[in-house]
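Trainee: One structure coming up, written as structure tokens, with questions to follow.
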Amino acid sequence: MTVVAIYLVITFGLGGLAMAMRLPPLVGFLAAGFVINALNVEELPQLDVLADLGVTLLLFAIGLKLNVRILLRREVWLTTSVHMLVSVIFGGAVMWLAAVAGVSMLAGQSLQTIALLAFALSFSSTVFVVKILEERGESHSLYGRVAIGILVMQDIVAVVFLTVTGGHPPSPWALTLVGLWPLTRILRRIWSQLGHGEMQSLFGIVMALVPGYAWFTAVGLKGDLGALIVGVLLASHPASSELARSLFHIKELLLVAFFVSIGLTGLPDLPTIGVAVLMVLLLPFKAAWYVALLSFMKLRYRTAILGGLGLMNYSEFGLIVVSVGVTSELLADAWLVEMSIAVALSFVVSALVNRRGHLVVEKIAARLPAQDEHHLHPEERPGDAGDAEVVVIGMGRVGLAAYQRLTDHYRLRVVGVDYDGPRIERLEDQGLRVIEGDATDLDFWNQLRHSESVRIAVLAMPRHGANVTALECLRESGFSGEVAAVARYDDEVQWAKDHGVGIAFNVYAGAGLELADQVVGGDPLRPVDAKPINSDAEEISTGEDGRAGDNAPEHPSNPASSM
């Protein structure tokens, strides 16, 4: 237990120090691995198990939220293919020149070895990028969906590479995997009977580890890929988003072990650090290729830059590729330590760059040549607010309830904003006015047509980070009207008030107030002189699965829903 305590104290302390320096905690977790290694603390075999569990649950959660159609989009599969090819050629050329210049670790290496290293550097980290996107609340933004699609395509390429080079082709029993589809149809029915507590969370863990990880591993395939595929097959279940949320904190805690384990790979010497720095210097070129390719795919510069910066890092799959090279004696053992240092440094650099925020990206994009909006991706074209007085940002359960209350009860003209195409189609079929767009994009607000009539903005996205970014964009675009924001925690409510949000509302408190109104308003035994807070109280609006849940609507007499 003493060893465990040392690990926990160092990891917690350096994670907190990173937060104090306004860096993501994962930078501190990476540093903790190197510090623990330098102190020669006894290894914990369980750490690798926890790290593997974290990555497996991460990929399962990605699958639960992944729309497979995104992989078929040109900006995903073509960008992935071309970028990997360019990365191998360019990265290989740079390392060959370094070898010619006499860099010790690269001198004398064959072209095959250099090409393998360049291939390892072509991957971006699924774990890191998804964590950054989730912290920002932008997993479902256009650039976030494209980035995740590219990462999934890279994961598939990595699995194919490992299968081909591993010397152990998949077992003939791999054909049994076709049974996953009918099996998941049965499992979905079981899932529907489990309720919303610990059994649902346990169901998710079992799905990720048994039909996902264990089955794929047993037939000679990568278990992580199995967790991803099972998540995709279960994604259409109405409770898939709820399950992803319930696994969020479990996954986040386990991923701490993943980041610590990177630093435990080995300690670098001076030549190793030199080559790792050379690899880090390739990161801007890696981002630039993504920006150029995504712009060529008809995405706006802002979207392309955010995507490029998000993917500007190296991957845990790079470590796996290098380990294959070590096993096949193409690379020396020292290259595994080398790659670990490069991956860790890339995370630090990427975290520093991505924390700068969207407004810097907007300024960079503004200096680039204008793009013809008619040739842009449909999601990138300007929206039209019409004669709306209120804009509701985020049309989930909270946003939908606010929209309906504002239109039906207060007779205001409202327009919704959401990124989810299928959800927008469903809402439009119900007669609602919804614009498809990314509310965290300053250009969206700058180009929104007929926006002068909008006097109230309701920030109803479920992630605080997304609401923060949308608020910054609203202010930057010159919006001076009333802003209302929902939050899940009291510190988020306080932050909103401190930053000029007139109405900041805790959705959990709102659900309790609404419930009290419904009870008093409908109780025939209440005293005659007892007056309901709102005699016109309506039924609580629910989501598609019939539950108010985390996104219960606001209290009807609260200013957030009476604007």
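Every chain in the structure tokens takes a letter, A first, then B, and so on in the order presented; its residues are numbered from 1, and the ligands are numbered from 1 following the presented order.
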Taking the backbone alone, and naming residues the way the document does, which bits of range 349-417 of chain A are alpha helix (DSSP H) by DSSP, as a PyMOL selection string?

Mentor: chain A and resi 349-354+358-366+397-408

Trainee: Per DSSP on the backbone, what are the strand (DSSP E or B) residues of range 325-502 of chain A, as a VMD selection string?

Mentor: chain A and resid 384 390 to 393 414 to 418 434 to 436 449 456 to 459 482 to 487

Trainee: Looking at only C-alpha atoms, which of A:Thr165, A:Arg300, A:Ser141, A:Pro238 is the one that sits closest to Val417 in chain A?

Mentor: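 Residue with the minimum atom-to-atom distance to Val417 in chain A: A:Ser141.
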
Trainee: Which one of A:Leu267, A:Arg488, A:Val468, A:Val519 sits closest to Val501 in chain A if you count only C-alpha atoms?

Mentor: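 Smallest separation from Val501 in chain A among the options: A:Val468.
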
Trainee: Residues within 8 Å of Leu142 in chain A, please, as a PyMOL selection string. Count only C-alpha atoms; anything in the same chain fewer than 2 positions from it doesn't count.

Mentor: chain A and resi 140+144-146+303+379+419+438

Trainee: For CA of Arg463 in chain A and CA of Asp155 in chain A, determine how far apart the two atoms are, in Å to one decimal place.

Mentor: 26.7 Å

Trainee: Applying 10 Å and only C-alpha atoms, which residues near Ala107 in chain A remain after dropping the ones on its own chain fewer than 6 positions away? List them as a PyMOL selection string.

Mentor: chain A and resi 95-101

Trainee: Go ahead and save the picked residues with N, CA, C and O atoms, as a PDB file, in the first residue's frame.

Mentor:
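To be explicit, this is the file written out as selection30.pdb:
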ATOM      1  N   MET A  95      14.029  12.906 -41.124  1.00  0.00           N
ATOM      2  CA  MET A  95      14.879  12.037 -40.309  1.00  0.00           C
ATOM      3  C   MET A  95      16.058  11.502 -41.108  1.00  0.00           C
ATOM      4  O   MET A  95      17.153  11.301 -40.571  1.00  0.00           O
ATOM      5  N   TRP A  96      15.884  11.288 -42.408  1.00  0.00           N
ATOM      6  CA  TRP A  96      17.014  10.860 -43.237  1.00  0.00           C
ATOM      7  C   TRP A  96      18.066  11.963 -43.303  1.00  0.00           C
ATOM      8  O   TRP A  96      19.269  11.698 -43.199  1.00  0.00           O
ATOM      9  N   LEU A  97      17.611  13.213 -43.452  1.00  0.00           N
ATOM     10  CA  LEU A  97      18.548  14.340 -43.467  1.00  0.00           C
ATOM     11  C   LEU A  97      19.262  14.456 -42.115  1.00  0.00           C
ATOM     12  O   LEU A  97      20.458  14.781 -42.056  1.00  0.00           O
ATOM     13  N   ALA A  98      18.529  14.202 -41.015  1.00  0.00           N
ATOM     14  CA  ALA A  98      19.150  14.237 -39.693  1.00  0.00           C
ATOM     15  C   ALA A  98      20.192  13.133 -39.565  1.00  0.00           C
ATOM     16  O   ALA A  98      21.264  13.336 -38.954  1.00  0.00           O
ATOM     17  N   ALA A  99      19.918  11.974 -40.151  1.00  0.00           N
ATOM     18  CA  ALA A  99      20.875  10.873 -40.124  1.00  0.00           C
ATOM     19  C   ALA A  99      22.137  11.237 -40.910  1.00  0.00           C
ATOM     20  O   ALA A  99      23.259  10.986 -40.470  1.00  0.00           O
ATOM     21  N   VAL A 100      21.933  11.862 -42.069  1.00  0.00           N
ATOM     22  CA  VAL A 100      23.069  12.297 -42.891  1.00  0.00           C
ATOM     23  C   VAL A 100      23.887  13.353 -42.142  1.00  0.00           C
ATOM     24  O   VAL A 100      25.125  13.388 -42.238  1.00  0.00           O
ATOM     25  N   ALA A 101      23.185  14.191 -41.364  1.00  0.00           N
ATOM     26  CA  ALA A 101      23.867  15.247 -40.605  1.00  0.00           C
ATOM     27  C   ALA A 101      24.609  14.691 -39.395  1.00  0.00           C
ATOM     28  O   ALA A 101      25.335  15.431 -38.717  1.00  0.00           O
TER      29      ALA A 101
END

Trainee: Looking at A:Leu111, A:Leu471, A:Leu225, A:Val219, which one is nearest to Trp173 in chain A, with distances taken over only C-alpha atoms?

Mentor: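 Nearest to Trp173 in chain A: A:Val219.
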
Trainee: Can you list, as a PyMOL selection string, every protein, DNA or RNA residue that comes within 12 Å of Thr11 in chain A when you count only C-alpha atoms, leaving out same-chain residues fewer than 2 positions away?

Mentor: chain A and resi 4-9+13-18+25-36+253+256-261+263

Trainee: Please write the residues from the selection above to a file, keeping N, CA, C and O atoms, as a short mmCIF file (atom, residue, chain, number, x, y, z; two decimals), in the first residue's frame.

Mentor:
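Listed below is the output, selection11.cif:
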data_model
loop_
_atom_site.label_atom_id
_atom_site.label_comp_id
_atom_site.auth_asym_id
_atom_site.auth_seq_id
_atom_site.Cartn_x
_atom_site.Cartn_y
_atom_site.Cartn_z
N VAL A 4 1.52 2.29 -3.54
CA VAL A 4 0.30 2.88 -4.12
C VAL A 4 0.14 4.32 -3.63
O VAL A 4 -0.20 5.23 -4.41
N ALA A 5 0.39 4.54 -2.33
CA ALA A 5 0.27 5.88 -1.76
C ALA A 5 1.24 6.85 -2.43
O ALA A 5 0.89 8.01 -2.73
N ILE A 6 2.47 6.40 -2.69
CA ILE A 6 3.46 7.26 -3.35
C ILE A 6 2.98 7.64 -4.74
O ILE A 6 3.05 8.81 -5.15
N TYR A 7 2.49 6.66 -5.49
CA TYR A 7 1.96 6.92 -6.83
C TYR A 7 0.83 7.95 -6.78
O TYR A 7 0.80 8.90 -7.58
N LEU A 8 -0.09 7.75 -5.83
CA LEU A 8 -1.25 8.63 -5.76
C LEU A 8 -0.86 10.06 -5.38
O LEU A 8 -1.35 11.03 -5.98
N VAL A 9 0.03 10.20 -4.39
CA VAL A 9 0.43 11.53 -3.93
C VAL A 9 1.14 12.30 -5.03
O VAL A 9 0.84 13.48 -5.29
N GLY A 13 -0.50 15.47 -6.80
CA GLY A 13 0.22 16.73 -6.60
C GLY A 13 0.60 17.39 -7.91
O GLY A 13 0.38 18.60 -8.10
N LEU A 14 1.14 16.63 -8.84
CA LEU A 14 1.56 17.21 -10.12
C LEU A 14 0.36 17.54 -11.01
O LEU A 14 0.41 18.49 -11.79
N GLY A 15 -0.72 16.77 -10.88
CA GLY A 15 -1.95 17.12 -11.60
C GLY A 15 -2.50 18.45 -11.12
O GLY A 15 -2.91 19.31 -11.92
N GLY A 16 -2.47 18.64 -9.79
CA GLY A 16 -2.93 19.91 -9.22
C GLY A 16 -2.01 21.07 -9.60
O GLY A 16 -2.48 22.19 -9.87
N LEU A 17 -0.69 20.81 -9.66
CA LEU A 17 0.25 21.85 -10.06
C LEU A 17 0.00 22.27 -11.51
O LEU A 17 0.05 23.47 -11.83
N ALA A 18 -0.30 21.30 -12.38
CA ALA A 18 -0.60 21.63 -13.77
C ALA A 18 -1.84 22.51 -13.85
O ALA A 18 -1.88 23.49 -14.62
N PRO A 25 -4.76 18.83 -16.51
CA PRO A 25 -4.15 17.94 -15.51
C PRO A 25 -3.33 16.81 -16.12
O PRO A 25 -2.38 16.34 -15.50
N LEU A 26 -3.69 16.38 -17.34
CA LEU A 26 -2.97 15.25 -17.94
C LEU A 26 -1.48 15.58 -18.13
O LEU A 26 -0.64 14.67 -18.17
N VAL A 27 -1.12 16.86 -18.27
CA VAL A 27 0.29 17.23 -18.37
C VAL A 27 1.00 16.87 -17.05
O VAL A 27 2.12 16.36 -17.05
N GLY A 28 0.32 17.12 -15.94
CA GLY A 28 0.87 16.73 -14.64
C GLY A 28 0.96 15.23 -14.49
O GLY A 28 1.92 14.71 -13.89
N PHE A 29 -0.02 14.50 -15.02
CA PHE A 29 0.02 13.04 -14.93
C PHE A 29 1.20 12.48 -15.72
O PHE A 29 1.85 11.52 -15.28
N LEU A 30 1.48 13.07 -16.88
CA LEU A 30 2.65 12.65 -17.66
C LEU A 30 3.93 12.90 -16.87
O LEU A 30 4.81 12.03 -16.79
N ALA A 31 4.01 14.09 -16.27
CA ALA A 31 5.20 14.43 -15.47
C ALA A 31 5.33 13.48 -14.29
O ALA A 31 6.45 13.09 -13.91
N ALA A 32 4.21 13.07 -13.71
CA ALA A 32 4.24 12.15 -12.56
C ALA A 32 4.92 10.84 -12.94
O ALA A 32 5.69 10.28 -12.15
N GLY A 33 4.63 10.35 -14.14
CA GLY A 33 5.27 9.11 -14.58
C GLY A 33 6.78 9.22 -14.62
O GLY A 33 7.51 8.32 -14.16
N PHE A 34 7.28 10.33 -15.15
CA PHE A 34 8.73 10.53 -15.23
C PHE A 34 9.35 10.71 -13.84
O PHE A 34 10.44 10.21 -13.56
N VAL A 35 8.64 11.43 -12.96
CA VAL A 35 9.15 11.64 -11.60
C VAL A 35 9.21 10.32 -10.85
O VAL A 35 10.21 10.00 -10.18
N ILE A 36 8.15 9.53 -10.94
CA ILE A 36 8.13 8.22 -10.27
C ILE A 36 9.25 7.34 -10.81
O ILE A 36 9.93 6.63 -10.05
N LEU A 253 -10.95 8.57 -14.68
CA LEU A 253 -10.07 8.14 -13.59
C LEU A 253 -9.08 7.08 -14.08
O LEU A 253 -7.89 7.12 -13.76
N VAL A 256 -6.04 8.28 -16.10
CA VAL A 256 -4.91 8.81 -15.35
C VAL A 256 -3.77 7.79 -15.37
O VAL A 256 -2.60 8.13 -15.56
N ALA A 257 -4.13 6.52 -15.21
CA ALA A 257 -3.12 5.45 -15.24
C ALA A 257 -2.43 5.39 -16.60
O ALA A 257 -1.23 5.13 -16.69
N PHE A 258 -3.19 5.64 -17.66
CA PHE A 258 -2.59 5.61 -19.00
C PHE A 258 -1.52 6.68 -19.14
O PHE A 258 -0.41 6.41 -19.61
N PHE A 259 -1.82 7.90 -18.72
CA PHE A 259 -0.85 8.99 -18.87
C PHE A 259 0.36 8.79 -17.96
O PHE A 259 1.50 9.07 -18.37
N VAL A 260 0.15 8.29 -16.76
CA VAL A 260 1.28 8.01 -15.86
C VAL A 260 2.16 6.93 -16.45
O VAL A 260 3.40 7.01 -16.40
N SER A 261 1.55 5.90 -17.05
CA SER A 261 2.32 4.76 -17.58
C SER A 261 3.25 5.17 -18.72
O SER A 261 4.29 4.54 -18.92
N GLY A 263 5.07 7.88 -18.88
CA GLY A 263 6.30 8.36 -18.27
C GLY A 263 7.14 7.28 -17.63
O GLY A 263 8.33 7.46 -17.38
#

Trainee: Can you list, as a list of chain:residue names, every protein, DNA or RNA residue that comes within 8 Å of Leu66 in chain A when you count only C-alpha atoms, leaving out same-chain residues fewer than 4 positions away?

Mentor: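 Answer for this query is A:Ile62, A:Ile70, A:Val232, A:Ala235.
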
Trainee: Need to verify the contact set: Pro170 in chain A, 10 Å, only C-alpha atoms, exclusion of same-chain residues closer than 4 positions in sequence. Can you return it as a CSV table (one decimal) with all heavy atoms, in the first residue's frame?

Mentor:
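Wrote around_32.csv, looks like this:
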chain,number,residue,atom,x,y,z
A,163,THR,N,-2.0,-6.4,-37.5
A,163,THR,CA,-2.5,-7.7,-37.9
A,163,THR,C,-1.5,-8.2,-39.0
A,163,THR,O,-1.1,-9.4,-38.9
A,163,THR,CB,-3.9,-7.7,-38.5
A,163,THR,OG1,-4.8,-7.2,-37.5
A,163,THR,CG2,-4.3,-9.0,-38.9
A,164,VAL,N,-1.1,-7.4,-39.9
A,164,VAL,CA,-0.2,-7.8,-41.0
A,164,VAL,C,1.2,-8.1,-40.5
A,164,VAL,O,1.8,-9.0,-41.0
A,164,VAL,CB,-0.2,-6.7,-42.1
A,164,VAL,CG1,0.9,-7.0,-43.2
A,164,VAL,CG2,-1.6,-6.6,-42.8
A,166,GLY,N,2.2,-8.6,-37.3
A,166,GLY,CA,2.4,-9.3,-36.0
A,166,GLY,C,2.8,-10.8,-36.2
A,166,GLY,O,3.2,-11.4,-35.2
A,174,ALA,N,-12.4,-15.7,-36.2
A,174,ALA,CA,-12.8,-14.3,-36.4
A,174,ALA,C,-14.1,-14.1,-37.2
A,174,ALA,O,-14.8,-13.1,-37.0
A,174,ALA,CB,-11.6,-13.5,-37.1
A,175,LEU,N,-14.4,-15.2,-38.0
A,175,LEU,CA,-15.6,-15.1,-38.7
A,175,LEU,C,-16.9,-15.1,-37.8
A,175,LEU,O,-17.9,-14.7,-38.2
A,175,LEU,CB,-15.7,-16.3,-39.7
A,175,LEU,CG,-14.7,-16.4,-40.8
A,175,LEU,CD1,-14.8,-17.7,-41.6
A,175,LEU,CD2,-14.9,-15.2,-41.7
A,216,PHE,N,-12.7,-10.0,-29.4
A,216,PHE,CA,-11.8,-9.7,-30.4
A,216,PHE,C,-10.4,-10.2,-30.1
A,216,PHE,O,-9.7,-10.7,-31.0
A,216,PHE,CB,-11.7,-8.1,-30.6
A,216,PHE,CG,-12.8,-7.6,-31.6
A,216,PHE,CD1,-14.1,-7.8,-31.3
A,216,PHE,CD2,-12.4,-7.1,-32.8
A,216,PHE,CE1,-15.1,-7.3,-32.1
A,216,PHE,CE2,-13.4,-6.6,-33.6
A,216,PHE,CZ,-14.7,-6.7,-33.3
A,217,THR,N,-9.9,-10.1,-28.9
A,217,THR,CA,-8.6,-10.6,-28.5
A,217,THR,C,-8.5,-12.1,-28.7
A,217,THR,O,-7.5,-12.6,-29.2
A,217,THR,CB,-8.3,-10.2,-27.0
A,217,THR,OG1,-8.4,-8.8,-26.9
A,217,THR,CG2,-6.9,-10.7,-26.7
A,218,ALA,N,-9.6,-12.8,-28.4
A,218,ALA,CA,-9.6,-14.3,-28.5
A,218,ALA,C,-9.4,-14.7,-30.0
A,218,ALA,O,-8.9,-15.8,-30.2
A,218,ALA,CB,-10.9,-14.8,-27.9
A,219,VAL,N,-9.9,-13.9,-30.9
A,219,VAL,CA,-9.8,-14.3,-32.3
A,219,VAL,C,-8.6,-13.6,-33.0
A,219,VAL,O,-8.5,-13.6,-34.3
A,219,VAL,CB,-11.1,-14.0,-33.1
A,219,VAL,CG1,-12.2,-14.8,-32.5
A,219,VAL,CG2,-11.4,-12.5,-33.1
A,220,GLY,N,-7.7,-13.0,-32.2
A,220,GLY,CA,-6.5,-12.5,-32.8
A,220,GLY,C,-6.6,-11.1,-33.3
A,220,GLY,O,-5.7,-10.7,-34.1
A,221,LEU,N,-7.6,-10.3,-32.9
A,221,LEU,CA,-7.7,-8.9,-33.3
A,221,LEU,C,-7.5,-8.0,-32.1
A,221,LEU,O,-7.5,-8.5,-30.9
A,221,LEU,CB,-9.1,-8.7,-33.9
A,221,LEU,CG,-9.3,-9.4,-35.3
A,221,LEU,CD1,-10.8,-9.2,-35.7
A,221,LEU,CD2,-8.4,-8.8,-36.3
A,222,LYS,N,-7.3,-6.7,-32.3
A,222,LYS,CA,-7.1,-5.8,-31.2
A,222,LYS,C,-8.4,-5.6,-30.4
A,222,LYS,O,-9.4,-5.2,-30.9
A,222,LYS,CB,-6.7,-4.4,-31.9
A,222,LYS,CG,-6.0,-3.5,-30.9
A,222,LYS,CD,-4.6,-3.8,-30.7
A,222,LYS,CE,-3.9,-2.6,-29.9
A,222,LYS,NZ,-4.5,-2.4,-28.6

Trainee: When you count only C-alpha atoms, which of these residues is closest to Val349 in chain A: A:Val230, A:Val280, A:Ile273, A:Val361?

Mentor: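 Closest to Val349 in chain A, using only C-alpha atoms: A:Val280.
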